[in-house]
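Structure file coords.cif (mmCIF, C-alpha atoms) is printed below.
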data_my_file
#
loop_
_atom_site.label_atom_id
_atom_site.label_comp_id
_atom_site.auth_asym_id
_atom_site.auth_seq_id
_atom_site.Cartn_x
_atom_site.Cartn_y
_atom_site.Cartn_z
CA MET A 149 14.80 -29.23 38.42
CA PRO A 150 15.15 -32.69 36.83
CA ILE A 151 13.27 -31.38 33.79
CA ASP A 152 15.55 -28.37 33.57
CA ARG A 153 18.61 -30.59 33.94
CA HIS A 154 17.49 -32.90 31.12
CA ARG A 155 16.66 -29.93 28.92
CA SER A 156 20.09 -28.48 29.48
CA LEU A 157 21.65 -31.81 28.59
CA ARG A 158 19.66 -32.03 25.35
CA LEU A 159 20.67 -28.50 24.40
CA PHE A 160 24.31 -29.30 25.12
CA CYS A 161 24.20 -32.46 23.00
CA ALA A 162 22.49 -30.59 20.19
CA SER A 163 25.12 -27.87 20.24
CA VAL A 164 27.91 -30.47 20.16
CA SER A 165 26.33 -32.33 17.24
CA ILE A 166 26.21 -29.08 15.31
CA ALA A 167 29.63 -27.79 16.29
CA LEU A 168 31.72 -30.93 15.83
CA PRO A 169 30.98 -31.40 12.11
CA ALA A 170 31.82 -27.73 11.56
CA LEU A 171 35.07 -28.13 13.45
CA GLY A 172 35.77 -31.24 11.44
CA CYS A 173 35.27 -29.36 8.19
CA VAL A 174 37.55 -26.56 9.34
CA GLY A 175 40.19 -29.07 10.36
CA MET A 176 40.00 -30.83 7.01
CA ALA A 177 40.32 -27.52 5.13
CA GLN A 178 43.33 -26.50 7.21
CA ALA A 179 44.93 -29.90 6.65
CA GLN A 180 44.45 -29.60 2.90
CA GLN A 181 45.98 -26.12 2.83
CA SER A 182 48.98 -27.17 4.91
CA SER A 183 49.59 -30.13 2.56
CA MET A 184 49.29 -27.97 -0.57
CA THR A 185 52.47 -27.98 -2.64
CA PHE A 186 51.31 -26.22 -5.82
CA PHE A 187 49.12 -23.28 -6.73
CA VAL A 188 48.51 -20.50 -9.22
CA THR A 189 48.80 -17.09 -7.61
CA SER A 190 45.48 -15.41 -6.95
CA THR A 191 47.05 -12.00 -7.62
CA GLY A 192 49.86 -10.59 -9.71
CA SER A 193 52.60 -8.16 -8.77
CA GLY A 194 50.55 -5.07 -9.57
CA LYS A 195 53.39 -4.10 -11.90
CA GLY A 196 52.89 -6.48 -14.78
CA ALA A 197 55.81 -8.89 -15.15
CA ASP A 198 58.01 -6.91 -12.77
CA TYR A 199 58.45 -8.96 -9.61
CA GLY A 200 61.85 -7.60 -8.72
CA GLY A 201 63.52 -10.64 -10.24
CA LEU A 202 63.33 -14.28 -9.22
CA VAL A 203 63.83 -13.42 -5.55
CA GLY A 204 60.82 -11.11 -5.57
CA ALA A 205 58.69 -13.69 -7.39
CA ASP A 206 59.60 -16.31 -4.80
CA LYS A 207 58.66 -13.89 -2.01
CA HIS A 208 55.27 -13.36 -3.68
CA CYS A 209 54.66 -17.12 -3.71
CA GLN A 210 55.81 -17.44 -0.11
CA ALA A 211 53.58 -14.62 1.10
CA LEU A 212 50.45 -16.03 -0.56
CA ALA A 213 51.22 -19.53 0.71
CA THR A 214 51.71 -18.21 4.24
CA ALA A 215 48.40 -16.36 4.13
CA ALA A 216 46.73 -19.60 3.04
CA GLY A 217 48.23 -21.61 5.90
CA ALA A 218 51.01 -23.31 3.93
CA GLY A 219 53.92 -21.09 4.95
CA ASN A 220 55.70 -24.00 6.66
CA ARG A 221 57.19 -24.85 3.26
CA SER A 222 59.66 -23.00 1.04
CA TRP A 223 58.01 -21.78 -2.16
CA HIS A 224 59.50 -20.87 -5.53
CA ALA A 225 57.95 -19.38 -8.64
CA TYR A 226 58.09 -21.46 -11.80
CA LEU A 227 60.16 -18.96 -13.78
CA SER A 228 63.24 -19.20 -15.96
CA ALA A 229 65.82 -16.43 -16.28
CA SER A 230 68.01 -15.48 -19.22
CA PRO A 231 71.79 -15.41 -18.98
CA GLY A 232 73.39 -11.99 -18.66
CA GLN A 233 76.23 -9.97 -17.15
CA GLY A 234 78.18 -13.08 -16.29
CA SER A 235 75.21 -14.88 -14.79
CA PRO A 236 74.16 -18.24 -16.25
CA ALA A 237 70.63 -19.02 -17.38
CA VAL A 238 68.22 -20.34 -14.75
CA ASN A 239 65.80 -23.12 -15.63
CA ALA A 240 62.33 -23.09 -14.07
CA ARG A 241 62.38 -26.89 -13.79
CA ASP A 242 65.47 -26.72 -11.58
CA ARG A 243 63.88 -24.36 -9.06
CA ILE A 244 60.85 -26.30 -7.90
CA GLY A 245 62.10 -29.32 -5.96
CA ASN A 246 61.38 -32.95 -6.79
CA GLY A 247 57.64 -33.33 -6.19
CA PRO A 248 55.09 -34.73 -5.87
CA TRP A 249 52.89 -31.63 -6.07
CA GLN A 250 49.24 -31.31 -5.13
CA ASN A 251 46.79 -28.44 -5.19
CA ALA A 252 44.76 -26.92 -2.35
CA LYS A 253 42.15 -29.68 -2.70
CA GLY A 254 44.71 -32.47 -2.42
CA VAL A 255 44.66 -33.40 -6.12
CA VAL A 256 48.09 -34.42 -7.43
CA ILE A 257 49.13 -32.56 -10.58
CA ALA A 258 52.48 -34.34 -11.04
CA ARG A 259 54.56 -36.85 -9.13
CA ASP A 260 57.95 -35.54 -10.25
CA VAL A 261 59.71 -33.13 -12.61
CA ALA A 262 59.57 -35.58 -15.53
CA GLU A 263 55.82 -36.10 -15.22
CA LEU A 264 55.24 -32.36 -14.80
CA HIS A 265 56.90 -31.79 -18.18
CA GLY A 266 55.23 -34.82 -19.71
CA ASN A 267 51.80 -36.30 -19.05
CA ASN A 268 50.77 -34.20 -16.05
CA ASN A 269 47.37 -33.56 -14.49
CA LEU A 270 47.47 -29.77 -14.78
CA ASN A 271 44.35 -28.16 -16.25
CA LYS A 272 41.72 -25.54 -15.41
CA GLN A 273 40.07 -27.75 -12.79
CA THR A 274 43.33 -28.61 -11.01
CA ALA A 275 45.44 -25.46 -11.45
CA LEU A 276 43.80 -23.79 -8.45
CA THR A 277 44.88 -20.72 -6.51
CA GLU A 278 46.31 -20.91 -2.99
CA LYS A 279 42.74 -20.35 -1.82
CA GLY A 280 41.45 -23.34 -3.76
CA ASP A 281 39.70 -21.20 -6.38
CA ILE A 282 39.52 -21.85 -10.12
CA VAL A 283 41.39 -19.30 -12.25
CA ASN A 284 39.52 -17.75 -15.17
CA GLY A 285 40.38 -19.33 -18.49
CA ARG A 286 39.57 -18.91 -22.15
CA GLY A 287 35.89 -18.04 -22.51
CA ASP A 288 35.71 -16.40 -19.08
CA THR A 289 35.65 -12.66 -18.46
CA PRO A 290 38.31 -11.58 -17.91
CA ASN A 291 40.50 -14.32 -19.31
CA LYS A 292 43.54 -14.94 -17.08
CA HIS A 293 44.95 -18.12 -18.57
CA ASP A 294 48.34 -16.65 -19.58
CA ILE A 295 50.70 -17.65 -16.75
CA LEU A 296 54.22 -16.15 -16.76
CA THR A 297 57.02 -18.73 -17.18
CA GLY A 298 59.73 -17.48 -19.58
CA SER A 299 60.37 -21.12 -20.36
CA LYS A 300 60.58 -23.65 -23.16
CA PRO A 301 58.26 -26.69 -23.03
CA ASP A 302 60.87 -28.73 -21.18
CA GLY A 303 61.11 -26.08 -18.46
CA THR A 304 64.46 -24.68 -19.52
CA ALA A 305 65.42 -21.08 -20.25
CA PHE A 306 65.80 -19.49 -23.66
CA THR A 307 69.49 -18.87 -24.24
CA GLY A 308 69.39 -16.83 -27.43
CA SER A 309 69.83 -13.09 -27.74
CA ASP A 310 66.10 -12.38 -27.49
CA ASP A 311 64.79 -11.70 -24.00
CA MET A 312 61.78 -13.88 -23.18
CA THR A 313 61.54 -12.97 -19.49
CA CYS A 314 60.71 -9.24 -19.38
CA GLY A 315 64.23 -8.43 -18.29
CA ASN A 316 64.40 -11.41 -15.94
CA TRP A 317 61.16 -10.29 -14.31
CA THR A 318 62.11 -6.65 -13.72
CA LYS A 319 60.21 -4.88 -16.53
CA SER A 320 56.69 -3.50 -16.43
CA GLY A 321 56.65 -1.68 -19.78
CA GLU A 322 57.99 -2.80 -23.11
CA GLY A 323 59.33 -6.30 -23.54
CA VAL A 324 58.27 -9.91 -23.97
CA ALA A 325 57.66 -12.87 -21.70
CA ILE A 326 56.75 -16.42 -22.63
CA VAL A 327 53.50 -17.55 -21.03
CA GLY A 328 51.68 -20.86 -20.68
CA HIS A 329 47.95 -21.67 -20.61
CA HIS A 330 46.84 -23.10 -17.27
CA ASP A 331 43.53 -24.20 -18.84
CA ARG A 332 45.29 -26.03 -21.70
CA SER A 333 43.15 -24.12 -24.18
CA GLY A 334 43.98 -21.80 -27.06
CA LEU A 335 42.93 -20.63 -30.50
CA ASP A 336 43.55 -24.09 -31.93
CA THR A 337 44.66 -27.56 -30.86
CA SER A 338 48.36 -27.14 -31.63
CA ALA A 339 50.92 -28.11 -28.99
CA PRO A 340 51.78 -24.48 -28.10
CA ALA A 341 48.12 -23.52 -27.73
CA LEU A 342 47.57 -26.38 -25.28
CA SER A 343 50.85 -25.93 -23.41
CA TRP A 344 50.70 -25.15 -19.71
CA ASN A 345 54.17 -23.56 -19.65
CA SER A 346 55.24 -22.43 -23.13
CA SER A 347 52.41 -21.21 -25.31
CA HIS A 348 53.34 -17.81 -26.79
CA PRO A 349 55.09 -14.48 -26.09
CA SER A 350 53.21 -11.66 -24.39
CA ARG A 351 52.57 -8.32 -26.10
CA GLY A 352 54.43 -6.45 -23.41
CA CYS A 353 55.44 -6.54 -19.76
CA SER A 354 52.84 -4.13 -18.39
CA ASP A 355 49.53 -5.17 -16.87
CA GLU A 356 47.83 -3.79 -19.97
CA GLY A 357 50.12 -5.70 -22.30
CA LEU A 358 49.61 -8.94 -20.41
CA ARG A 359 45.83 -8.49 -20.33
CA SER A 360 45.74 -7.97 -24.11
CA THR A 361 46.48 -11.66 -24.73
CA GLY A 362 44.52 -13.05 -21.79
CA GLY A 363 46.76 -12.71 -18.78
CA ALA A 364 46.98 -11.07 -15.37
CA GLY A 365 50.66 -11.50 -14.54
CA LEU A 366 50.00 -14.65 -12.51
CA LEU A 367 52.59 -17.28 -11.55
CA TYR A 368 52.83 -20.99 -10.89
CA CYS A 369 54.18 -21.61 -7.36
CA PHE A 370 55.74 -24.87 -6.19
CA ALA A 371 56.85 -26.04 -2.77
CA VAL A 372 60.49 -27.07 -2.96
CA ASN A 373 60.42 -29.10 0.28
#
Can you dump the structure from the file as structure tokens?
Amino acid sequence: MPIDRHRSLRLFCASVSIALPALGCVGMAQAQQSSMTFFVTSTGSGKGADYGGLVGADKHCQALATAAGAGNRSWHAYLSASPGQGSPAVNARDRIGNGPWQNAKGVVIARDVAELHGNNNLNKQTALTEKGDIVNGRGDTPNKHDILTGSKPDGTAFTGSDDMTCGNWTKSGEGVAIVGHHDRSGLDTSAPALSWNSSHPSRGCSDEGLRSTGGAGLLYCFAVN
């Protein structure tokens, strides 16, 4: 009996030594996800640039964040909207709160709105999905570095007559949307090619049109609180 009792104790201790580190790792992962305040969406709308407007894009961000364990925050998509039918323009920079923002691994990409639109820490290694995964960039197959924004480099909307937002994010056919490169990489080293939020117009609003220039209809999502 004493032998059996000691053996049981050793087995129990062994099981605890194995289980506790695992539980610790799970706890750390959950803590990182719950503290996440920025991500690139792992999936698009399934309808190109059509998210049902800004409200629908925000819901997409919220749903993905909730599934990743960060639904305790309010999430908005980094998208601008053009003025129309009596409605004023909406600036992406005004929709995302004050910061700071960190990815699913706890890495800070920007401390505030000014830094986000200045010398930020957003690149392929830090612009992770809500799951903590790296998003394909230039040189990967398929390339998904075109992120929908509809914005100028300073995060404001285009106010001219040309639509740069695929009908304020309601079109999935013809049209144009401004995209940025999450990997800060392009055909050259010009400012637009390296821009995270205002690189070039898409070739359409459909999934096919977005794919043709290296996109998948993905969004930047920011926690506003």
Ground truth for the PyMOL selection byres ((chain A and resi 317) around 6), written as a PDB file with C-alpha atoms, in the frame of the given file:
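In the end it all went to expr28.pdb:
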ATOM      1  CA  ALA A 197      55.810  -8.890 -15.150  1.00  0.00           C
ATOM      2  CA  ASP A 198      58.010  -6.910 -12.770  1.00  0.00           C
ATOM      3  CA  TYR A 199      58.450  -8.960  -9.610  1.00  0.00           C
ATOM      4  CA  GLY A 201      63.520 -10.640 -10.240  1.00  0.00           C
ATOM      5  CA  THR A 313      61.540 -12.970 -19.490  1.00  0.00           C
ATOM      6  CA  CYS A 314      60.710  -9.240 -19.380  1.00  0.00           C
ATOM      7  CA  GLY A 315      64.230  -8.430 -18.290  1.00  0.00           C
ATOM      8  CA  ASN A 316      64.400 -11.410 -15.940  1.00  0.00           C
ATOM      9  CA  THR A 318      62.110  -6.650 -13.720  1.00  0.00           C
ATOM     10  CA  LYS A 319      60.210  -4.880 -16.530  1.00  0.00           C
TER      11      LYS A 319
END
**Message:** Which residues are close to stretch 288-301 of chain A, i.e. within 9 Å by all atoms listed in the file, leaving aside same-chain residues fewer than 4 positions away? Reply as an MDAnalysis selection string.
**Reply:** chainID A and resid 188 197 225:230 239:241 265 272 283:284 305:306 311:314 316 324:333 340 343:350 358:359 361:368
Atoms kept (C-alpha atoms) for selection, written as a compact mmCIF listing (two decimals), keeping the file's coordinate frame:
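Contents of result32.txt, as written:
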# COMPACT_ATOMS: atom_id res chain seq x y z
CA VAL A 188 48.51 -20.50 -9.22
CA ALA A 197 55.81 -8.89 -15.15
CA ALA A 225 57.95 -19.38 -8.64
CA TYR A 226 58.09 -21.46 -11.80
CA LEU A 227 60.16 -18.96 -13.78
CA SER A 228 63.24 -19.20 -15.96
CA ALA A 229 65.82 -16.43 -16.28
CA SER A 230 68.01 -15.48 -19.22
CA ASN A 239 65.80 -23.12 -15.63
CA ALA A 240 62.33 -23.09 -14.07
CA ARG A 241 62.38 -26.89 -13.79
CA HIS A 265 56.90 -31.79 -18.18
CA LYS A 272 41.72 -25.54 -15.41
CA VAL A 283 41.39 -19.30 -12.25
CA ASN A 284 39.52 -17.75 -15.17
CA ALA A 305 65.42 -21.08 -20.25
CA PHE A 306 65.80 -19.49 -23.66
CA ASP A 311 64.79 -11.70 -24.00
CA MET A 312 61.78 -13.88 -23.18
CA THR A 313 61.54 -12.97 -19.49
CA CYS A 314 60.71 -9.24 -19.38
CA ASN A 316 64.40 -11.41 -15.94
CA VAL A 324 58.27 -9.91 -23.97
CA ALA A 325 57.66 -12.87 -21.70
CA ILE A 326 56.75 -16.42 -22.63
CA VAL A 327 53.50 -17.55 -21.03
CA GLY A 328 51.68 -20.86 -20.68
CA HIS A 329 47.95 -21.67 -20.61
CA HIS A 330 46.84 -23.10 -17.27
CA ASP A 331 43.53 -24.20 -18.84
CA ARG A 332 45.29 -26.03 -21.70
CA SER A 333 43.15 -24.12 -24.18
CA PRO A 340 51.78 -24.48 -28.10
CA SER A 343 50.85 -25.93 -23.41
CA TRP A 344 50.70 -25.15 -19.71
CA ASN A 345 54.17 -23.56 -19.65
CA SER A 346 55.24 -22.43 -23.13
CA SER A 347 52.41 -21.21 -25.31
CA HIS A 348 53.34 -17.81 -26.79
CA PRO A 349 55.09 -14.48 -26.09
CA SER A 350 53.21 -11.66 -24.39
CA LEU A 358 49.61 -8.94 -20.41
CA ARG A 359 45.83 -8.49 -20.33
CA THR A 361 46.48 -11.66 -24.73
CA GLY A 362 44.52 -13.05 -21.79
CA GLY A 363 46.76 -12.71 -18.78
CA ALA A 364 46.98 -11.07 -15.37
CA GLY A 365 50.66 -11.50 -14.54
CA LEU A 366 50.00 -14.65 -12.51
CA LEU A 367 52.59 -17.28 -11.55
CA TYR A 368 52.83 -20.99 -10.89
**Nearest residue to A:Val261 from the set A:Ser193, A:Thr214, A:Thr337, A:Asn246 (distances using all atoms listed in the file)** =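 Among the listed residues, A:Asn246 lies closest to A:Val261.
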**Asked** What gap, in Å, lies between atom CA of A:Gln250 and atom CA of A:Phe187?
**Response**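 So the two atoms, atom CA of A:Gln250 and atom CA of A:Phe187, lie 8.2 Å apart.
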**Request:** One decimal, Å: what's the distance from atom CA of A:Val372 over to atom CA of A:Trp223, could you say?
**Result:**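 Spanning atom CA of A:Val372 to atom CA of A:Trp223 is a straight-line distance of 5.9 Å.
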**Request:** Go through the shown structure with the PyMOL selection byres ((chain A and resi 266-269) around 10) and write out the matching residues as a list in words.
**Result:** Gln250, Val255, Val256, Ile257, Ala258, Arg259, Asp260, Val261, Ala262, Glu263, Leu264, His265, Leu270, Asn271, Lys272, Gln273, Thr274, Ala275, Pro301, Asp302 and Trp344 of chain A
**A:Pro231 surroundings by only C-alpha atoms, 7 Å radius, close-in-sequence under 5 positions cut, as a list of chain:residue names** =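 Here the answer would be A:Pro236, A:Ala237, A:Thr307.
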**Prompt:** Of the candidates A:Ala216, A:Cys209, A:Leu342, A:Cys353, which one gets nearest to A:Ile244 if we count all atoms listed in the file?
**Reply:**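 Looking only at the distances to A:Ile244, the closest residue turns out to be A:Cys209.
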**Request:** Tell me which of A:Arg286, A:Arg243, A:Arg351, A:Lys279 sits closest to A:Ser190, counting all atoms listed in the file.
**Result:**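 Among A:Arg286, A:Arg243, A:Arg351, A:Lys279, it is A:Lys279 that comes nearest to A:Ser190.
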Once 5 Å is added on each side, what centre and edge lengths in Å to one decimal does the axis-aligned box around all listed atoms of stretch 226-242 of chain A have, as lines of an AutoDock Vina configuration file?
center_x = 68.1
center_y = -18.4
center_z = -15.4
size_x = 30.1
size_y = 26.9
size_z = 17.6
**Request:** Could you tell me how far atom CA of A:Lys195 lies from atom CA of A:Gly321, in Å and to one decimal?
**Result:** 8.9 Å
**Request:** Have a look at A:Gly287, A:Asp206, A:Ser354, A:Ser183 and name the one nearest to A:Asn220; count only C-alpha atoms.
**Result:**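 Between A:Gly287, A:Asp206, A:Ser354, A:Ser183, the residue approaching A:Asn220 most closely is A:Ser183.
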**Message:** Residue by residue, what does the PyMOL selection byres ((chain A and resi 221) around 10) grab here? Present the result as a list in words.
**Reply:**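 Residues picked by the PyMOL selection byres ((chain A and resi 221) around 10): Ser182, Ser183, Met184, Thr185, Gln210, Ala213, Thr214, Gly217, Ala218, Gly219, Asn220, Ser222, Trp223, His224, Phe370, Ala371, Val372 and Asn373 of chain A.
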Let's have the selection written as a JSON list (two decimals), keeping the file's coordinate frame, with C-alpha atoms.
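Done, and the output landed in selection21.json:
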[["chain", "number", "residue", "atom", "x", "y", "z"],
["A", 182, "SER", "CA", 48.98, -27.17, 4.91],
["A", 183, "SER", "CA", 49.59, -30.13, 2.56],
["A", 184, "MET", "CA", 49.29, -27.97, -0.57],
["A", 185, "THR", "CA", 52.47, -27.98, -2.64],
["A", 210, "GLN", "CA", 55.81, -17.44, -0.11],
["A", 213, "ALA", "CA", 51.22, -19.53, 0.71],
["A", 214, "THR", "CA", 51.71, -18.21, 4.24],
["A", 217, "GLY", "CA", 48.23, -21.61, 5.90],
["A", 218, "ALA", "CA", 51.01, -23.31, 3.93],
["A", 219, "GLY", "CA", 53.92, -21.09, 4.95],
["A", 220, "ASN", "CA", 55.70, -24.00, 6.66],
["A", 222, "SER", "CA", 59.66, -23.00, 1.04],
["A", 223, "TRP", "CA", 58.01, -21.78, -2.16],
["A", 224, "HIS", "CA", 59.50, -20.87, -5.53],
["A", 370, "PHE", "CA", 55.74, -24.87, -6.19],
["A", 371, "ALA", "CA", 56.85, -26.04, -2.77],
["A", 372, "VAL", "CA", 60.49, -27.07, -2.96],
["A", 373, "ASN", "CA", 60.42, -29.10, 0.28]]
